[in-house]
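Okay, work_13.txt now, which holds compact mmCIF, N, CA and C atoms:
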# COMPACT_ATOMS: atom_id res chain seq x y z
N MET C 1041 -3.86 117.19 56.93
CA MET C 1041 -2.49 116.98 57.39
C MET C 1041 -2.28 115.48 57.56
N SER C 1042 -1.15 114.99 57.12
CA SER C 1042 -0.88 113.55 57.13
C SER C 1042 -0.56 113.04 58.53
N GLU C 1043 -0.68 111.71 58.71
CA GLU C 1043 -0.30 111.11 60.00
C GLU C 1043 1.17 111.33 60.31
N ALA C 1044 2.01 111.28 59.28
CA ALA C 1044 3.45 111.50 59.48
C ALA C 1044 3.70 112.90 60.03
N ALA C 1045 2.98 113.90 59.50
CA ALA C 1045 3.16 115.27 59.98
C ALA C 1045 2.75 115.40 61.44
N LEU C 1046 1.71 114.68 61.83
CA LEU C 1046 1.23 114.77 63.20
C LEU C 1046 2.09 113.98 64.18
N SER C 1047 3.01 113.14 63.69
CA SER C 1047 3.88 112.39 64.58
C SER C 1047 5.18 113.15 64.86
N ARG C 1048 5.32 114.32 64.32
CA ARG C 1048 6.51 115.15 64.53
C ARG C 1048 6.46 115.82 65.90
N PRO C 1049 7.49 116.63 66.23
CA PRO C 1049 7.51 117.29 67.55
C PRO C 1049 6.24 118.10 67.82
N VAL C 1050 5.89 118.17 69.10
CA VAL C 1050 4.65 118.83 69.54
C VAL C 1050 4.98 119.85 70.63
N VAL C 1051 4.28 120.98 70.58
CA VAL C 1051 4.31 121.96 71.66
C VAL C 1051 2.99 121.86 72.39
N ARG C 1052 3.03 121.72 73.72
CA ARG C 1052 1.81 121.68 74.51
C ARG C 1052 1.98 122.57 75.73
N LEU C 1053 1.08 123.53 75.89
CA LEU C 1053 1.11 124.44 77.02
C LEU C 1053 -0.26 124.44 77.69
N THR C 1054 -0.27 124.47 79.01
CA THR C 1054 -1.52 124.53 79.77
C THR C 1054 -1.42 125.66 80.78
N ARG C 1055 -2.49 126.43 80.89
CA ARG C 1055 -2.56 127.52 81.87
C ARG C 1055 -3.92 127.51 82.54
N LYS C 1056 -3.90 127.76 83.85
CA LYS C 1056 -5.14 127.98 84.59
C LYS C 1056 -5.38 129.48 84.59
N LEU C 1057 -6.62 129.88 84.27
CA LEU C 1057 -6.95 131.30 84.13
C LEU C 1057 -8.14 131.67 84.99
N ALA C 1058 -8.08 132.83 85.58
CA ALA C 1058 -9.21 133.37 86.34
C ALA C 1058 -10.11 134.15 85.38
N ALA C 1059 -10.61 133.42 84.40
CA ALA C 1059 -11.49 134.00 83.37
C ALA C 1059 -12.41 132.90 82.87
N SER C 1060 -13.61 133.28 82.46
CA SER C 1060 -14.57 132.29 81.99
C SER C 1060 -14.10 131.66 80.68
N PRO C 1061 -14.54 130.42 80.43
CA PRO C 1061 -14.21 129.80 79.14
C PRO C 1061 -14.67 130.65 77.94
N GLU C 1062 -15.81 131.32 78.08
CA GLU C 1062 -16.32 132.15 76.99
C GLU C 1062 -15.37 133.31 76.68
N LEU C 1063 -14.88 133.97 77.73
CA LEU C 1063 -13.95 135.08 77.53
C LEU C 1063 -12.64 134.59 76.92
N VAL C 1064 -12.14 133.47 77.41
CA VAL C 1064 -10.89 132.92 76.87
C VAL C 1064 -11.08 132.55 75.40
N PHE C 1065 -12.18 131.92 75.07
CA PHE C 1065 -12.45 131.57 73.67
C PHE C 1065 -12.50 132.82 72.81
N ASP C 1066 -13.22 133.83 73.28
CA ASP C 1066 -13.34 135.07 72.51
C ASP C 1066 -11.99 135.75 72.31
N ALA C 1067 -11.10 135.61 73.27
CA ALA C 1067 -9.76 136.20 73.14
C ALA C 1067 -9.00 135.59 71.97
N TRP C 1068 -9.37 134.38 71.56
CA TRP C 1068 -8.74 133.71 70.42
C TRP C 1068 -9.41 134.04 69.09
N THR C 1069 -10.63 134.60 69.14
CA THR C 1069 -11.40 134.72 67.90
C THR C 1069 -11.84 136.14 67.56
N ASP C 1070 -11.81 137.05 68.49
CA ASP C 1070 -12.21 138.44 68.24
C ASP C 1070 -10.98 139.24 67.80
N PRO C 1071 -10.98 139.80 66.60
CA PRO C 1071 -9.77 140.48 66.11
C PRO C 1071 -9.24 141.56 67.06
N ALA C 1072 -10.12 142.33 67.68
CA ALA C 1072 -9.66 143.38 68.60
C ALA C 1072 -8.95 142.78 69.80
N MET C 1073 -9.42 141.63 70.25
CA MET C 1073 -8.79 140.97 71.40
C MET C 1073 -7.49 140.27 70.98
N VAL C 1074 -7.54 139.54 69.87
CA VAL C 1074 -6.37 138.80 69.39
C VAL C 1074 -5.19 139.76 69.20
N SER C 1075 -5.47 140.93 68.67
CA SER C 1075 -4.39 141.88 68.36
C SER C 1075 -3.70 142.42 69.60
N GLN C 1076 -4.29 142.21 70.77
CA GLN C 1076 -3.70 142.70 72.02
C GLN C 1076 -2.71 141.73 72.66
N TRP C 1077 -2.83 140.44 72.35
CA TRP C 1077 -1.99 139.48 73.07
C TRP C 1077 -1.28 138.44 72.19
N LEU C 1078 -1.78 138.17 70.99
CA LEU C 1078 -1.17 137.13 70.16
C LEU C 1078 0.02 137.68 69.38
N ILE C 1079 0.94 138.26 70.13
CA ILE C 1079 2.14 138.87 69.57
C ILE C 1079 3.25 138.74 70.61
N PRO C 1080 4.26 137.93 70.32
CA PRO C 1080 5.32 137.74 71.32
C PRO C 1080 6.22 138.97 71.45
N GLY C 1081 6.76 139.13 72.64
CA GLY C 1081 7.75 140.18 72.87
C GLY C 1081 7.24 141.57 72.58
N GLU C 1082 8.07 142.32 71.88
CA GLU C 1082 7.77 143.73 71.57
C GLU C 1082 7.07 143.90 70.23
N MET C 1083 6.67 142.81 69.60
CA MET C 1083 5.99 142.91 68.31
C MET C 1083 4.64 143.60 68.48
N VAL C 1084 4.11 144.07 67.35
CA VAL C 1084 2.76 144.62 67.30
C VAL C 1084 2.00 143.88 66.21
N MET C 1085 0.68 143.92 66.30
CA MET C 1085 -0.14 143.31 65.26
C MET C 1085 -0.40 144.39 64.21
N ALA C 1086 0.26 144.27 63.08
CA ALA C 1086 0.16 145.28 62.02
C ALA C 1086 -1.11 145.12 61.19
N ALA C 1087 -1.61 143.90 61.07
CA ALA C 1087 -2.83 143.64 60.30
C ALA C 1087 -3.43 142.34 60.79
N ILE C 1088 -4.76 142.29 60.77
CA ILE C 1088 -5.44 141.07 61.21
C ILE C 1088 -6.78 140.96 60.48
N GLU C 1089 -7.04 139.77 59.96
CA GLU C 1089 -8.33 139.45 59.35
C GLU C 1089 -8.73 138.07 59.84
N ILE C 1090 -9.97 137.95 60.30
CA ILE C 1090 -10.48 136.67 60.79
C ILE C 1090 -11.84 136.42 60.15
N ASP C 1091 -11.97 135.30 59.48
CA ASP C 1091 -13.24 134.82 58.94
C ASP C 1091 -13.61 133.60 59.78
N LEU C 1092 -14.29 133.85 60.90
CA LEU C 1092 -14.53 132.83 61.91
C LEU C 1092 -15.68 131.90 61.52
N ARG C 1093 -15.32 130.90 60.75
CA ARG C 1093 -16.24 129.82 60.38
C ARG C 1093 -15.37 128.65 59.98
N VAL C 1094 -15.89 127.44 60.11
CA VAL C 1094 -15.13 126.28 59.68
C VAL C 1094 -14.85 126.44 58.19
N GLY C 1095 -13.59 126.36 57.83
CA GLY C 1095 -13.17 126.60 56.46
C GLY C 1095 -12.76 128.04 56.20
N GLY C 1096 -13.05 128.93 57.16
CA GLY C 1096 -12.67 130.34 57.03
C GLY C 1096 -11.19 130.52 57.35
N ARG C 1097 -10.62 131.58 56.82
CA ARG C 1097 -9.19 131.85 56.98
C ARG C 1097 -8.95 132.95 58.01
N PHE C 1098 -7.75 132.93 58.55
CA PHE C 1098 -7.26 134.09 59.28
C PHE C 1098 -5.92 134.47 58.67
N ASP C 1099 -5.63 135.74 58.71
CA ASP C 1099 -4.34 136.27 58.27
C ASP C 1099 -3.92 137.31 59.28
N PHE C 1100 -2.73 137.12 59.86
CA PHE C 1100 -2.16 138.06 60.83
C PHE C 1100 -0.82 138.52 60.27
N VAL C 1101 -0.49 139.75 60.52
CA VAL C 1101 0.87 140.22 60.24
C VAL C 1101 1.41 140.79 61.54
N MET C 1102 2.33 140.04 62.15
CA MET C 1102 3.02 140.50 63.35
C MET C 1102 4.24 141.28 62.87
N LYS C 1103 4.50 142.42 63.53
CA LYS C 1103 5.61 143.24 63.07
C LYS C 1103 6.54 143.58 64.21
N GLY C 1104 7.81 143.27 64.02
CA GLY C 1104 8.89 143.69 64.89
C GLY C 1104 9.79 144.55 64.02
N ASP C 1105 11.00 144.11 63.80
CA ASP C 1105 11.88 144.81 62.86
C ASP C 1105 11.38 144.65 61.43
N GLU C 1106 10.69 143.56 61.17
CA GLU C 1106 10.14 143.30 59.84
C GLU C 1106 8.80 142.59 60.00
N PRO C 1107 7.97 142.57 58.95
CA PRO C 1107 6.67 141.90 59.05
C PRO C 1107 6.81 140.38 59.06
N HIS C 1108 5.93 139.73 59.83
CA HIS C 1108 5.89 138.27 59.93
C HIS C 1108 4.46 137.80 59.69
N PRO C 1109 4.10 137.52 58.43
CA PRO C 1109 2.74 137.06 58.14
C PRO C 1109 2.50 135.64 58.67
N HIS C 1110 1.31 135.42 59.15
CA HIS C 1110 0.84 134.11 59.61
C HIS C 1110 -0.54 133.90 59.00
N ALA C 1111 -0.83 132.66 58.62
CA ALA C 1111 -2.13 132.38 58.02
C ALA C 1111 -2.59 130.99 58.43
N GLY C 1112 -3.88 130.78 58.31
CA GLY C 1112 -4.42 129.46 58.61
C GLY C 1112 -5.88 129.37 58.25
N VAL C 1113 -6.41 128.17 58.46
CA VAL C 1113 -7.81 127.86 58.17
C VAL C 1113 -8.41 127.21 59.40
N TYR C 1114 -9.60 127.67 59.79
CA TYR C 1114 -10.29 127.10 60.94
C TYR C 1114 -10.86 125.73 60.59
N LYS C 1115 -10.54 124.74 61.43
CA LYS C 1115 -11.00 123.37 61.25
C LYS C 1115 -12.12 123.00 62.21
N VAL C 1116 -12.05 123.51 63.46
CA VAL C 1116 -13.06 123.25 64.49
C VAL C 1116 -13.34 124.56 65.21
N ILE C 1117 -14.63 124.87 65.36
CA ILE C 1117 -15.05 126.03 66.16
C ILE C 1117 -16.19 125.53 67.04
N ASP C 1118 -15.90 125.35 68.32
CA ASP C 1118 -16.89 124.83 69.27
C ASP C 1118 -16.83 125.71 70.51
N ARG C 1119 -17.44 126.92 70.42
CA ARG C 1119 -17.39 127.89 71.52
C ARG C 1119 -18.16 127.36 72.70
N PRO C 1120 -17.62 127.41 73.90
CA PRO C 1120 -16.33 127.94 74.33
C PRO C 1120 -15.30 126.84 74.61
N LYS C 1121 -15.48 125.65 74.02
CA LYS C 1121 -14.68 124.49 74.41
C LYS C 1121 -13.43 124.25 73.57
N LYS C 1122 -13.53 124.46 72.26
CA LYS C 1122 -12.43 124.01 71.40
C LYS C 1122 -12.36 124.85 70.12
N LEU C 1123 -11.12 125.07 69.73
CA LEU C 1123 -10.82 125.78 68.49
C LEU C 1123 -9.61 125.06 67.87
N ALA C 1124 -9.69 124.73 66.60
CA ALA C 1124 -8.55 124.11 65.92
C ALA C 1124 -8.38 124.80 64.57
N PHE C 1125 -7.11 125.04 64.22
CA PHE C 1125 -6.83 125.73 62.97
C PHE C 1125 -5.43 125.38 62.48
N THR C 1126 -5.25 125.48 61.18
CA THR C 1126 -3.91 125.31 60.64
C THR C 1126 -3.13 126.58 60.92
N TRP C 1127 -1.80 126.47 60.86
CA TRP C 1127 -0.91 127.60 61.18
C TRP C 1127 0.29 127.51 60.25
N SER C 1128 0.53 128.56 59.52
CA SER C 1128 1.65 128.60 58.59
C SER C 1128 2.30 129.97 58.63
N SER C 1129 3.63 129.98 58.64
CA SER C 1129 4.38 131.24 58.64
C SER C 1129 5.81 130.94 58.19
N SER C 1130 6.61 131.97 58.13
CA SER C 1130 8.02 131.74 57.78
C SER C 1130 8.69 130.87 58.85
N ALA C 1131 8.21 130.93 60.10
CA ALA C 1131 8.79 130.13 61.18
C ALA C 1131 8.43 128.64 61.07
N THR C 1132 7.47 128.30 60.20
CA THR C 1132 7.18 126.89 59.91
C THR C 1132 7.66 126.55 58.50
N ASN C 1133 8.50 127.41 57.94
CA ASN C 1133 8.94 127.26 56.54
C ASN C 1133 7.74 127.17 55.60
N HIS C 1134 6.68 127.88 55.98
CA HIS C 1134 5.42 127.94 55.21
C HIS C 1134 4.77 126.56 55.06
N GLN C 1135 5.15 125.64 55.95
CA GLN C 1135 4.50 124.34 56.00
C GLN C 1135 3.31 124.45 56.95
N GLU C 1136 2.25 123.76 56.64
CA GLU C 1136 1.05 123.79 57.45
C GLU C 1136 1.24 122.96 58.72
N THR C 1137 0.97 123.56 59.87
CA THR C 1137 0.95 122.87 61.15
C THR C 1137 -0.46 122.98 61.71
N LEU C 1138 -0.72 122.34 62.84
CA LEU C 1138 -2.06 122.35 63.41
C LEU C 1138 -2.01 122.82 64.85
N VAL C 1139 -2.86 123.80 65.17
CA VAL C 1139 -3.01 124.30 66.53
C VAL C 1139 -4.40 123.91 67.03
N THR C 1140 -4.44 123.32 68.22
CA THR C 1140 -5.71 122.99 68.87
C THR C 1140 -5.74 123.68 70.22
N VAL C 1141 -6.80 124.41 70.47
CA VAL C 1141 -6.99 125.13 71.73
C VAL C 1141 -8.20 124.49 72.42
N GLU C 1142 -7.97 123.98 73.63
CA GLU C 1142 -9.06 123.38 74.40
C GLU C 1142 -9.23 124.17 75.69
N ILE C 1143 -10.48 124.49 76.01
CA ILE C 1143 -10.78 125.31 77.18
C ILE C 1143 -11.81 124.56 78.02
N LYS C 1144 -11.43 124.31 79.28
CA LYS C 1144 -12.31 123.58 80.19
C LYS C 1144 -12.68 124.49 81.36
N PRO C 1145 -13.94 124.43 81.81
CA PRO C 1145 -14.30 125.18 83.01
C PRO C 1145 -13.52 124.63 84.20
N LEU C 1146 -13.10 125.53 85.08
CA LEU C 1146 -12.33 125.14 86.26
C LEU C 1146 -12.74 126.08 87.38
N GLY C 1147 -13.68 125.64 88.21
CA GLY C 1147 -14.20 126.52 89.26
C GLY C 1147 -14.82 127.76 88.63
N GLN C 1148 -14.37 128.94 89.08
CA GLN C 1148 -14.85 130.21 88.52
C GLN C 1148 -14.06 130.62 87.28
N GLY C 1149 -13.05 129.85 86.92
CA GLY C 1149 -12.19 130.20 85.80
C GLY C 1149 -12.18 129.11 84.74
N SER C 1150 -11.01 128.89 84.18
CA SER C 1150 -10.88 127.90 83.13
C SER C 1150 -9.45 127.39 83.04
N GLU C 1151 -9.31 126.28 82.35
CA GLU C 1151 -7.99 125.73 82.04
C GLU C 1151 -7.85 125.71 80.52
N LEU C 1152 -6.80 126.32 80.04
CA LEU C 1152 -6.52 126.43 78.62
C LEU C 1152 -5.36 125.51 78.26
N THR C 1153 -5.56 124.67 77.28
CA THR C 1153 -4.48 123.81 76.77
C THR C 1153 -4.32 124.08 75.28
N LEU C 1154 -3.11 124.44 74.90
CA LEU C 1154 -2.76 124.64 73.50
C LEU C 1154 -1.86 123.49 73.07
N THR C 1155 -2.19 122.88 71.94
CA THR C 1155 -1.35 121.85 71.35
C THR C 1155 -1.03 122.31 69.93
N HIS C 1156 0.24 122.44 69.63
CA HIS C 1156 0.68 122.84 68.29
C HIS C 1156 1.54 121.70 67.76
N GLU C 1157 1.13 121.10 66.64
CA GLU C 1157 1.80 119.90 66.15
C GLU C 1157 2.03 119.95 64.65
N GLY C 1158 2.89 119.02 64.21
CA GLY C 1158 3.19 118.92 62.80
C GLY C 1158 4.46 119.64 62.39
N PHE C 1159 5.33 119.96 63.36
CA PHE C 1159 6.59 120.65 63.05
C PHE C 1159 7.56 119.73 62.33
N ALA C 1160 8.38 120.33 61.48
CA ALA C 1160 9.37 119.56 60.72
C ALA C 1160 10.51 119.06 61.60
N ASP C 1161 10.83 119.80 62.68
CA ASP C 1161 11.96 119.40 63.52
C ASP C 1161 11.84 120.01 64.92
N ASP C 1162 12.74 119.57 65.81
CA ASP C 1162 12.72 120.05 67.19
C ASP C 1162 13.02 121.54 67.29
N ALA C 1163 13.89 122.06 66.42
CA ALA C 1163 14.24 123.49 66.47
C ALA C 1163 13.01 124.34 66.18
N MET C 1164 12.23 123.94 65.19
CA MET C 1164 11.01 124.68 64.84
C MET C 1164 10.01 124.61 65.99
N ALA C 1165 9.88 123.44 66.62
CA ALA C 1165 8.99 123.30 67.77
C ALA C 1165 9.47 124.16 68.92
N GLY C 1166 10.80 124.19 69.15
CA GLY C 1166 11.35 125.01 70.23
C GLY C 1166 11.08 126.49 70.02
N LEU C 1167 11.22 126.94 68.79
CA LEU C 1167 10.93 128.35 68.46
C LEU C 1167 9.47 128.67 68.77
N HIS C 1168 8.57 127.79 68.40
CA HIS C 1168 7.15 128.03 68.65
C HIS C 1168 6.80 127.89 70.14
N ASN C 1169 7.47 127.00 70.84
CA ASN C 1169 7.25 126.91 72.29
C ASN C 1169 7.57 128.26 72.94
N GLY C 1170 8.69 128.85 72.54
CA GLY C 1170 9.04 130.17 73.07
C GLY C 1170 8.05 131.24 72.67
N GLY C 1171 7.60 131.20 71.42
CA GLY C 1171 6.63 132.20 70.94
C GLY C 1171 5.29 132.09 71.65
N TRP C 1172 4.77 130.87 71.77
CA TRP C 1172 3.49 130.69 72.46
C TRP C 1172 3.60 131.06 73.94
N THR C 1173 4.72 130.70 74.56
CA THR C 1173 4.91 131.05 75.97
C THR C 1173 4.89 132.57 76.14
N ALA C 1174 5.56 133.29 75.25
CA ALA C 1174 5.58 134.75 75.32
C ALA C 1174 4.18 135.33 75.09
N CYS C 1175 3.42 134.73 74.18
CA CYS C 1175 2.05 135.20 73.95
C CYS C 1175 1.18 134.93 75.17
N PHE C 1176 1.33 133.76 75.79
CA PHE C 1176 0.55 133.43 76.98
C PHE C 1176 0.85 134.40 78.12
N GLU C 1177 2.07 134.90 78.19
CA GLU C 1177 2.41 135.90 79.22
C GLU C 1177 1.58 137.17 79.05
N LYS C 1178 1.14 137.45 77.83
CA LYS C 1178 0.25 138.59 77.58
C LYS C 1178 -1.22 138.20 77.72
N LEU C 1179 -1.55 136.97 77.35
CA LEU C 1179 -2.94 136.51 77.42
C LEU C 1179 -3.44 136.48 78.86
N VAL C 1180 -2.66 135.94 79.76
CA VAL C 1180 -3.12 135.76 81.14
C VAL C 1180 -3.61 137.08 81.74
N PRO C 1181 -2.79 138.13 81.79
CA PRO C 1181 -3.30 139.39 82.36
C PRO C 1181 -4.41 140.02 81.51
N PHE C 1182 -4.39 139.78 80.20
CA PHE C 1182 -5.42 140.36 79.33
C PHE C 1182 -6.79 139.83 79.70
N VAL C 1183 -6.94 138.52 79.90
CA VAL C 1183 -8.26 137.97 80.20
C VAL C 1183 -8.59 138.03 81.70
N GLU C 1184 -7.59 138.20 82.54
CA GLU C 1184 -7.85 138.22 83.97
C GLU C 1184 -8.11 139.61 84.53
N ASP C 1185 -7.82 140.66 83.78
CA ASP C 1185 -8.05 142.03 84.28
C ASP C 1185 -9.51 142.42 84.20
Just give me the structure of the file as structure tokens.
Amino acid sequence: MSEAALSRPVVRLTRKLAASPELVFDAWTDPAMVSQWLIPGEMVMAAIEIDLRVGGRFDFVMKGDEPHPHAGVYKVIDRPKKLAFTWSSSATNHQETLVTVEIKPLGQGSELTLTHEGFADDAMAGLHNGGWTACFEKLVPFVED
């Protein structure tokens, strides 16, 4: 991804979680876990494939009224501290963006920071801010129960 792409609007969300860094990391990488929370609103995960290795791909199909395919390639896998991957979907106009997930130990729990960058414009970043926020609303109780 070019420097120009990375200077575009950025989405950054941070959450404190009553869950270990290992569990939080696994929630991002285990297909059975991902399919439970990485879906905003009333959507369901219709299909999911994860090839968890640097250079490996993931393909998700989120389904609401219609299917919404998402795809990417893993760039960094450092369990339980960091995960980085490209992200492309119709909501990015099929342009490649970059998601970085950082997980730090915090007492008995952890602090999760998501940075999603490389958006073409503020509207696209705003849409993803809403989507990630909705997904985090499912992630928090999922890893804390």
Give me the stretch 1050-1128 of chain C side of the contact with stretch 1150-1172 of chain C, cut-off 7 Å, one line per residue showing its nearest atom pair and distance in Å at one decimal, counting only C-alpha atoms, sorted by chain and residue number, as a tab-separated table.
residue	atom	partner	partner_atom	distance
C:Val1050	CA	C:Glu1157	CA	4.6
C:Val1051	CA	C:His1156	CA	5.0
C:Arg1052	CA	C:Thr1155	CA	4.5
C:Leu1053	CA	C:Leu1154	CA	5.2
C:Thr1054	CA	C:Thr1153	CA	4.3
C:Arg1055	CA	C:Leu1152	CA	5.2
C:Lys1056	CA	C:Glu1151	CA	4.4
C:Leu1057	CA	C:Ser1150	CA	5.3
C:Ala1058	CA	C:Ser1150	CA	6.6
C:Ala1059	CA	C:Ser1150	CA	6.1
C:Ser1060	CA	C:Ser1150	CA	5.8
C:Pro1061	CA	C:Ser1150	CA	5.5
C:Pro1080	CA	C:Gly1171	CA	5.7
Stretch 1107-1109 of chain C surroundings by only N, CA and C atoms, 8 Å radius, close-in-sequence under 3 positions cut, as a PyMOL selection string: chain C and resi 1086+1099-1104+1128-1131
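Shortest atom-to-atom contact with C:Met1085 among C:Lys1122, C:Arg1048, C:Lys1144, C:His1110: C:His1110, counting only C-alpha atoms.
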Which polymer residues have any atom within 7 Å of an atom of C:Arg1119, counting only N, CA and C atoms, with same-chain residues fewer than 3 positions away left out, as a tab-separated table (two decimals) with N, CA and C atoms, in the frame of the given file?
chain	number	residue	atom	x	y	z
C	1062	GLU	N	-15.81	131.32	78.08
C	1062	GLU	CA	-16.32	132.15	76.99
C	1062	GLU	C	-15.37	133.31	76.68
C	1065	PHE	N	-12.18	131.92	75.07
C	1065	PHE	CA	-12.45	131.57	73.67
C	1065	PHE	C	-12.50	132.82	72.81
C	1122	LYS	N	-13.53	124.46	72.26
C	1122	LYS	CA	-12.43	124.01	71.40
C	1122	LYS	C	-12.36	124.85	70.12
C	1123	LEU	N	-11.12	125.07	69.73
C	1123	LEU	CA	-10.82	125.78	68.49
C	1123	LEU	C	-9.61	125.06	67.87
Nearest-residue call for C:Trp1077, choices C:Ile1117, C:Pro1145, C:Cys1175, C:Val1183, using only C-alpha atoms: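 Comparing C:Ile1117, C:Pro1145, C:Cys1175, C:Val1183 against C:Trp1077, the winner is C:Cys1175.
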Secondary structure check, strand (DSSP E) residues of chain C, as a ChimeraX atom specification: /C:1050-1057,1084-1090,1097-1103,1107-1118,1122-1129,1137-1146,1149-1157
One-decimal distance in Å that lies between atom N of C:Phe1098 and atom C of C:Asn1133: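 Atom N of C:Phe1098 lies 16.8 Å from atom C of C:Asn1133.
Counting only N, CA and C atoms and comparing C:His1134, C:Lys1115, C:Lys1121, C:Lys1178, the residue that lies closest to C:Arg1093 is C:Lys1115.
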Test item, helix (DSSP H, G or I) assignment across stretch 1080-1168 of chain C, answer as a list of chain:residue names: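 The helix (DSSP H, G or I) subset of stretch 1080-1168 of chain C is C:Ser1130, C:Ala1131, C:Thr1132, C:Asp1162, C:Ala1163, C:Met1164, C:Ala1165, C:Gly1166, C:Leu1167, C:His1168.
Our summary of the geometry notes that atom CA of C:Gly1147 is positioned 24.1 Å from atom CA of C:Ala1124.
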Distance of atom CA of C:Glu1082 from atom N of C:Asp1066, expressed in Å to one decimal place: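 About the pair atom N of C:Asp1066 and atom CA of C:Glu1082: they are 23.3 Å apart.
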Closest of C:Met1083, C:Ile1143, C:Val1116, C:Val1094 to C:Leu1063 - atom-to-atom distances counting only C-alpha atoms: C:Ile1143
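Using only N, CA and C atoms, the smallest distance between any of C:Asp1105, C:Pro1120, C:Thr1173, C:Trp1068 and C:Glu1142 comes from C:Pro1120.
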Which of C:Ser1075, C:Val1084, C:Thr1137, C:Gly1112 sits closest to C:Gly1096 [using only N, CA and C atoms]: C:Gly1112
